[in-house]
Amino acid sequence: MPIEYIRSVLGIFGESPFKPVHTHAEKGGEAVQKLQQSVKAYCKGDYMAVHTFDTEISAIEYEADIIKQTIRKLIPSSMMLPVDPNDLLSFLKPQDSIADNAHHTAHWLTLRETELHPEIKEGVLELMERIVKTVDAYEDMVNDIAKLLETSFSKKEIKRILKKSPHCRGTGT
Amino acid sequence: MDIFDPIILLVLVAGLYMAWNIGANDLANSMGTSVGTGALSLKQVVIIAGTLELVGALAFGDRVTTKIAKGIVPIEDIISVDPNIVIIGSLAAILAASFWITFATFYHMPVSTTHAIVGAITGFGLVATMFVDTFTIDQIKWIVLGKIVISWITSPLIGALMAFIIFTIIRIFLLARVDDPYKLEKKFGYLQILSACFVALAHGSNDVANAIGPLSAALSAANITEYGVIPMWVLAIGGIGIVIGLGTWGWKVIETVGSSITELTPTRGFSAEFATAVVVFGHSYSALPISTTHTLVGAVVGVGLAGGLAAVDLSVIKKIILSWVITVPVAALTSGLIFVILMKVL
């Protein structure tokens, strides 16, 4: 590549760490989707598939870790964000545990091949269904980060997003 | 002496080269934000920037040019002794500034043409005291130079404050109230056409001086133009040089800059551009040569402080301050050195 004859100061615009936060959330969702398939396979007794899913989820969890590291690198002390960088990092931690926990659970499933009691089987599948729904709702909220940034964290927008969380509505879970 | 004197022609060519550099990089930097937000296409920006830069230079460029030409080093004191010294000094200053800008650009240093030319002129003035007995160091207008240097510090700060205020108003009264912020952004796309025009106009009014300041000093020393008057055709040389720089190379820089700042939205772009233009234009009116790009950086930080940007990389500021501090003495030394050599040779 030839030397570029460019003198630019617009490096002042840093790379947004919020975009990878979104990608990272999607990885968690992907891992949970796979876990649901794995649980279904386990209940059917298809242990071969359970092992395949374990490998796949492990790969997704690894990708999520890489994204997490990228986000950390994107916020050096010289980077000014509209939020406290520590808040962003502590936000990232529970989000990261989604893929982590999915990975652990997928691995447990490979440890013992057992025919589940039908009643437990039903309960497990129901639980899994709810987890997927919860993570879907979470992803929906993370999608709103773009709009939060756009309005530069307006109170109206924050309230609208918080309403989506039953916990913040005050009804309890 | 006429304009076809080889030394005058050299000052003219070097001035054109400086103008080309200003169009190729500085103007391009200031206009890149309009492309980055998607408010304007590359072609539209080049046309707007080219036209209004020229208008700004022709209509409002004379004040800062006069300041560069004779406001720091009182050339009338030297002309009365030996006008050739001013002509050679102008050549030394414009060559020194051009060399440094070329070098710095290859190494991607965020230097300012304004700082380079002010340093170079001062360097010539200092060395000229060794060649003209009646001209002493305290005749150099240190107070004017001091005001200029202070304006280099305050202009990005004022830019930051203004952009902070403009964006905060947009945030409180518009972004927090509308139901669909994206529709608002679309409307600001139109307003950004105006702010882009204003930036180009302001840039032309302030930065044309960096290219033709030394030329007008040489022209008045050679008695080609009336002393103290900057004729339209001299301003036009600078303006056209800048537009050529924009057309031959600047558009590429706009493209590069624009594609790397896609996160900037029209409300933010408008706030930063409008603040920059007001500050730069105000300084042109006060005949103070400042760096448009540094003011723009200040304005971007202002928008960031108001919570408008996803990420602002403050490490650039350190680089700017560093190259700022290096530019002035390097340009002054080189200019003085070239002047001494030219005086020996010619």
# chains A, B, ... in the order shown; residues from 1 in each chain; ligands from 1
>>> interface_residues(of="chain A", to="chain B", cutoff="10 Å", atoms="only C-alpha atoms", output="VMD selection string")
chain A and resid 3 to 19 74 to 83 146 to 157
>>> residues_around(residues="Glu115 in chain A", least_positions_apart="4", cutoff="9 Å", atoms="only C-alpha atoms", output="VMD selection string")
chain A and resid 42 to 45
>>> write_last_selection(atoms="N, CA, C and O atoms", output="mmCIF file, in the first residue's frame")
data_model
loop_
_atom_site.group_PDB
_atom_site.id
_atom_site.type_symbol
_atom_site.label_atom_id
_atom_site.label_comp_id
_atom_site.auth_asym_id
_atom_site.auth_seq_id
_atom_site.Cartn_x
_atom_site.Cartn_y
_atom_site.Cartn_z
ATOM 1 N N TYR A 42 -31.667 -34.488 24.293
ATOM 2 C CA TYR A 42 -31.409 -35.293 25.482
ATOM 3 C C TYR A 42 -32.674 -36.053 25.890
ATOM 4 O O TYR A 42 -32.629 -37.246 26.202
ATOM 5 N N CYS A 43 -33.784 -35.354 25.860
ATOM 6 C CA CYS A 43 -35.050 -35.956 26.251
ATOM 7 C C CYS A 43 -35.456 -37.074 25.287
ATOM 8 O O CYS A 43 -36.144 -38.020 25.660
ATOM 9 N N LYS A 44 -35.034 -36.942 24.041
ATOM 10 C CA LYS A 44 -35.341 -37.979 23.051
ATOM 11 C C LYS A 44 -34.344 -39.135 23.142
ATOM 12 O O LYS A 44 -34.519 -40.159 22.494
ATOM 13 N N GLY A 45 -33.252 -38.909 23.881
ATOM 14 C CA GLY A 45 -32.231 -39.941 24.002
ATOM 15 C C GLY A 45 -31.205 -39.904 22.883
ATOM 16 O O GLY A 45 -30.424 -40.837 22.699
#
>>> atom_distance(atom1="CA of Ile85 in chain B", atom2="CA of Pro6 in chain B")
14.8 Å
>>> select_by_dssp(residues="range 72-231 of chain B", states="helix (DSSP H, G or I)", output="PyMOL selection string")
chain B and resi 75-79+83-106+113-131+137-139+142-175+181-221
>>> residues_around(residues="range 197-212 of chain B", least_positions_apart="2", cutoff="7 Å", atoms="only C-alpha atoms", output="short mmCIF file (atom, residue, chain, number, x, y, z; two decimals) with all heavy atoms, in the first residue's frame")
data_model
loop_
_atom_site.label_atom_id
_atom_site.label_comp_id
_atom_site.auth_asym_id
_atom_site.auth_seq_id
_atom_site.Cartn_x
_atom_site.Cartn_y
_atom_site.Cartn_z
N GLY B 15 3.39 29.32 -2.49
CA GLY B 15 2.08 29.70 -1.92
C GLY B 15 0.97 28.83 -2.49
O GLY B 15 0.09 28.37 -1.76
N LEU B 16 1.06 28.57 -3.81
CA LEU B 16 0.06 27.70 -4.45
C LEU B 16 0.15 26.29 -3.89
O LEU B 16 -0.86 25.62 -3.67
CB LEU B 16 0.27 27.68 -5.96
CG LEU B 16 -0.47 28.75 -6.76
CD1 LEU B 16 -0.04 28.71 -8.22
CD2 LEU B 16 -1.98 28.54 -6.66
N MET B 18 1.18 25.46 -0.92
CA MET B 18 0.60 25.53 0.42
C MET B 18 -0.93 25.51 0.32
O MET B 18 -1.60 24.78 1.06
CB MET B 18 1.07 26.82 1.10
CG MET B 18 0.84 26.84 2.58
SD MET B 18 1.84 25.61 3.41
CE MET B 18 1.60 26.11 5.08
N ALA B 19 -1.46 26.28 -0.63
CA ALA B 19 -2.91 26.32 -0.83
C ALA B 19 -3.42 24.93 -1.20
O ALA B 19 -4.45 24.48 -0.69
CB ALA B 19 -3.26 27.32 -1.93
N ILE B 48 -19.98 22.19 -2.83
CA ILE B 48 -20.24 23.19 -1.79
C ILE B 48 -18.94 23.75 -1.22
O ILE B 48 -18.75 24.97 -1.14
CB ILE B 48 -21.08 22.57 -0.63
CG1 ILE B 48 -22.52 22.39 -1.07
CG2 ILE B 48 -21.00 23.44 0.62
CD1 ILE B 48 -23.40 21.79 0.01
N ALA B 49 -18.03 22.85 -0.85
CA ALA B 49 -16.78 23.27 -0.23
C ALA B 49 -15.97 24.14 -1.19
O ALA B 49 -15.44 25.18 -0.80
CB ALA B 49 -15.97 22.06 0.21
N LEU B 52 -17.86 27.70 -1.67
CA LEU B 52 -17.89 28.60 -0.52
C LEU B 52 -16.52 28.89 0.06
O LEU B 52 -16.32 29.94 0.66
CB LEU B 52 -18.86 28.07 0.53
CG LEU B 52 -20.27 28.45 0.04
CD1 LEU B 52 -21.18 27.30 0.02
CD2 LEU B 52 -20.80 29.63 0.80
N GLU B 53 -15.60 27.98 -0.14
CA GLU B 53 -14.22 28.26 0.28
C GLU B 53 -13.71 29.49 -0.49
O GLU B 53 -13.12 30.40 0.08
CB GLU B 53 -13.33 27.05 -0.03
CG GLU B 53 -11.87 27.24 0.28
CD GLU B 53 -11.52 27.02 1.75
OE1 GLU B 53 -12.34 26.43 2.47
OE2 GLU B 53 -10.43 27.45 2.16
N LEU B 54 -13.98 29.49 -1.79
CA LEU B 54 -13.54 30.59 -2.66
C LEU B 54 -14.22 31.90 -2.25
O LEU B 54 -13.57 32.94 -2.12
CB LEU B 54 -13.84 30.23 -4.12
CG LEU B 54 -13.13 31.04 -5.19
CD1 LEU B 54 -11.62 30.90 -5.06
CD2 LEU B 54 -13.56 30.57 -6.58
N VAL B 55 -15.54 31.81 -2.01
CA VAL B 55 -16.28 33.01 -1.59
C VAL B 55 -15.71 33.54 -0.27
O VAL B 55 -15.46 34.75 -0.13
CB VAL B 55 -17.79 32.70 -1.44
CG1 VAL B 55 -18.52 33.89 -0.83
CG2 VAL B 55 -18.40 32.33 -2.78
N GLY B 56 -15.48 32.62 0.67
CA GLY B 56 -14.94 33.01 1.97
C GLY B 56 -13.59 33.69 1.84
O GLY B 56 -13.32 34.72 2.48
N ALA B 57 -12.74 33.12 0.98
CA ALA B 57 -11.39 33.67 0.79
C ALA B 57 -11.46 35.06 0.17
O ALA B 57 -10.80 36.00 0.62
CB ALA B 57 -10.57 32.73 -0.08
N PHE B 60 -13.81 37.56 2.68
CA PHE B 60 -13.42 37.80 4.07
C PHE B 60 -11.98 37.41 4.40
O PHE B 60 -11.60 37.36 5.56
CB PHE B 60 -14.37 37.05 5.02
CG PHE B 60 -15.83 37.29 4.75
CD1 PHE B 60 -16.59 36.34 4.08
CD2 PHE B 60 -16.42 38.47 5.16
CE1 PHE B 60 -17.94 36.56 3.83
CE2 PHE B 60 -17.77 38.70 4.92
CZ PHE B 60 -18.53 37.75 4.24
N GLY B 61 -11.19 37.09 3.37
CA GLY B 61 -9.84 36.58 3.64
C GLY B 61 -8.79 37.64 3.90
O GLY B 61 -7.68 37.32 4.33
N VAL B 64 -7.15 38.33 7.95
CA VAL B 64 -6.14 37.42 8.48
C VAL B 64 -4.88 37.47 7.61
O VAL B 64 -3.76 37.41 8.11
CB VAL B 64 -6.70 35.98 8.59
CG1 VAL B 64 -5.66 35.04 9.18
CG2 VAL B 64 -7.95 35.94 9.43
N THR B 65 -5.08 37.63 6.29
CA THR B 65 -3.92 37.71 5.39
C THR B 65 -3.04 38.90 5.75
O THR B 65 -1.81 38.79 5.81
CB THR B 65 -4.40 37.82 3.92
OG1 THR B 65 -5.29 36.75 3.64
CG2 THR B 65 -3.22 37.74 2.96
N ILE B 68 -1.05 38.07 8.83
CA ILE B 68 0.11 37.17 8.58
C ILE B 68 1.20 37.95 7.84
O ILE B 68 2.38 37.82 8.14
CB ILE B 68 -0.34 35.95 7.74
CG1 ILE B 68 -1.38 35.13 8.49
CG2 ILE B 68 0.87 35.11 7.32
CD1 ILE B 68 -0.93 33.87 9.13
N THR B 113 -1.56 24.09 9.41
CA THR B 113 -0.85 24.98 8.49
C THR B 113 -0.72 26.37 9.11
O THR B 113 0.27 27.06 8.89
CB THR B 113 -1.60 25.10 7.15
OG1 THR B 113 -2.98 25.32 7.41
CG2 THR B 113 -1.44 23.86 6.31
N THR B 114 -1.72 26.76 9.90
CA THR B 114 -1.69 28.05 10.57
C THR B 114 -0.48 28.16 11.50
O THR B 114 0.28 29.13 11.45
CB THR B 114 -2.98 28.25 11.40
OG1 THR B 114 -4.10 28.02 10.56
CG2 THR B 114 -3.05 29.63 11.99
N ILE B 117 2.80 28.40 9.47
CA ILE B 117 3.10 29.67 8.80
C ILE B 117 3.41 30.76 9.82
O ILE B 117 4.33 31.57 9.62
CB ILE B 117 1.97 30.08 7.82
CG1 ILE B 117 2.51 31.06 6.77
CG2 ILE B 117 0.78 30.69 8.50
CD1 ILE B 117 3.41 30.42 5.75
N ILE B 193 -26.61 20.87 5.58
CA ILE B 193 -26.16 21.46 4.32
C ILE B 193 -25.74 22.90 4.59
O ILE B 193 -24.69 23.36 4.15
CB ILE B 193 -27.26 21.40 3.24
CG1 ILE B 193 -27.65 19.95 2.98
CG2 ILE B 193 -26.81 22.09 1.95
CD1 ILE B 193 -28.83 19.76 2.05
N LEU B 194 -26.57 23.58 5.39
CA LEU B 194 -26.26 24.97 5.76
C LEU B 194 -24.97 25.06 6.58
O LEU B 194 -24.11 25.90 6.32
CB LEU B 194 -27.41 25.56 6.58
CG LEU B 194 -28.62 26.03 5.80
CD1 LEU B 194 -29.69 26.53 6.77
CD2 LEU B 194 -28.23 27.13 4.82
N SER B 195 -24.86 24.19 7.59
CA SER B 195 -23.68 24.27 8.45
C SER B 195 -22.41 23.91 7.66
O SER B 195 -21.35 24.49 7.91
CB SER B 195 -23.83 23.40 9.70
OG SER B 195 -23.96 22.06 9.37
N PRO B 214 2.51 35.24 3.07
CA PRO B 214 3.87 35.59 2.64
C PRO B 214 3.90 36.18 1.23
O PRO B 214 4.67 37.10 0.96
CB PRO B 214 4.61 34.24 2.65
CG PRO B 214 3.84 33.41 3.62
CD PRO B 214 2.42 33.82 3.46
N LEU B 215 3.04 35.68 0.33
CA LEU B 215 3.00 36.20 -1.04
C LEU B 215 2.63 37.69 -1.02
O LEU B 215 3.28 38.50 -1.70
CB LEU B 215 2.00 35.41 -1.89
CG LEU B 215 1.79 35.92 -3.31
CD1 LEU B 215 3.05 35.77 -4.15
CD2 LEU B 215 0.63 35.18 -4.01
N SER B 216 1.61 38.04 -0.22
CA SER B 216 1.23 39.45 -0.23
C SER B 216 2.30 40.34 0.40
O SER B 216 2.47 41.49 -0.01
CB SER B 216 -0.14 39.67 0.40
OG SER B 216 -0.34 38.82 1.47
N GLY B 238 -4.96 32.21 -3.84
CA GLY B 238 -5.05 31.30 -2.69
C GLY B 238 -6.30 30.45 -2.75
O GLY B 238 -6.25 29.23 -2.58
N GLY B 239 -7.43 31.10 -2.99
CA GLY B 239 -8.72 30.38 -3.02
C GLY B 239 -8.74 29.32 -4.10
O GLY B 239 -9.15 28.17 -3.85
N GLU B 273 -20.30 21.27 13.51
CA GLU B 273 -19.96 22.12 12.37
C GLU B 273 -20.34 23.57 12.61
O GLU B 273 -19.57 24.48 12.33
CB GLU B 273 -20.67 21.62 11.11
CG GLU B 273 -20.03 20.39 10.51
CD GLU B 273 -20.77 19.90 9.29
OE1 GLU B 273 -21.74 20.56 8.85
OE2 GLU B 273 -20.39 18.84 8.77
N THR B 276 -18.01 25.17 15.07
CA THR B 276 -16.71 25.40 14.44
C THR B 276 -16.76 26.64 13.54
O THR B 276 -15.88 27.52 13.61
CB THR B 276 -16.31 24.18 13.58
OG1 THR B 276 -16.35 23.03 14.41
CG2 THR B 276 -14.93 24.34 12.99
N ALA B 277 -17.80 26.69 12.70
CA ALA B 277 -17.90 27.79 11.74
C ALA B 277 -18.01 29.14 12.45
O ALA B 277 -17.33 30.10 12.08
CB ALA B 277 -19.10 27.57 10.83
N VAL B 280 -14.53 30.00 13.97
CA VAL B 280 -13.51 30.33 12.96
C VAL B 280 -13.85 31.67 12.30
O VAL B 280 -12.98 32.52 12.11
CB VAL B 280 -13.40 29.21 11.91
CG1 VAL B 280 -12.47 29.64 10.77
CG2 VAL B 280 -12.90 27.93 12.55
N PHE B 281 -15.11 31.87 11.99
CA PHE B 281 -15.52 33.11 11.34
C PHE B 281 -15.28 34.30 12.26
O PHE B 281 -14.80 35.35 11.83
CB PHE B 281 -16.99 33.02 10.92
CG PHE B 281 -17.31 33.88 9.75
CD1 PHE B 281 -16.83 33.58 8.49
CD2 PHE B 281 -18.09 35.02 9.92
CE1 PHE B 281 -17.11 34.39 7.41
CE2 PHE B 281 -18.37 35.84 8.84
CZ PHE B 281 -17.88 35.52 7.58
N SER B 284 -11.72 35.16 12.12
CA SER B 284 -11.36 35.84 10.87
C SER B 284 -11.69 37.31 10.99
O SER B 284 -10.94 38.17 10.55
CB SER B 284 -12.13 35.25 9.69
OG SER B 284 -11.86 33.88 9.56
N PRO B 289 -5.40 34.29 13.04
CA PRO B 289 -5.28 33.02 12.31
C PRO B 289 -5.36 31.83 13.26
O PRO B 289 -4.53 31.69 14.15
CB PRO B 289 -3.90 33.11 11.66
CG PRO B 289 -3.13 34.07 12.49
CD PRO B 289 -4.12 34.98 13.17
N THR B 292 -8.72 25.56 11.88
CA THR B 292 -10.12 25.12 11.77
C THR B 292 -10.28 23.70 12.29
O THR B 292 -11.22 23.40 13.03
CB THR B 292 -10.58 25.18 10.30
OG1 THR B 292 -10.31 26.47 9.79
CG2 THR B 292 -12.06 24.88 10.16
#
>>> closest_residue(among="B:Pro266, B:Gly71, B:Gly241, B:Pro231", to="Gln139 in chain B", atoms="only C-alpha atoms")
B:Gly71
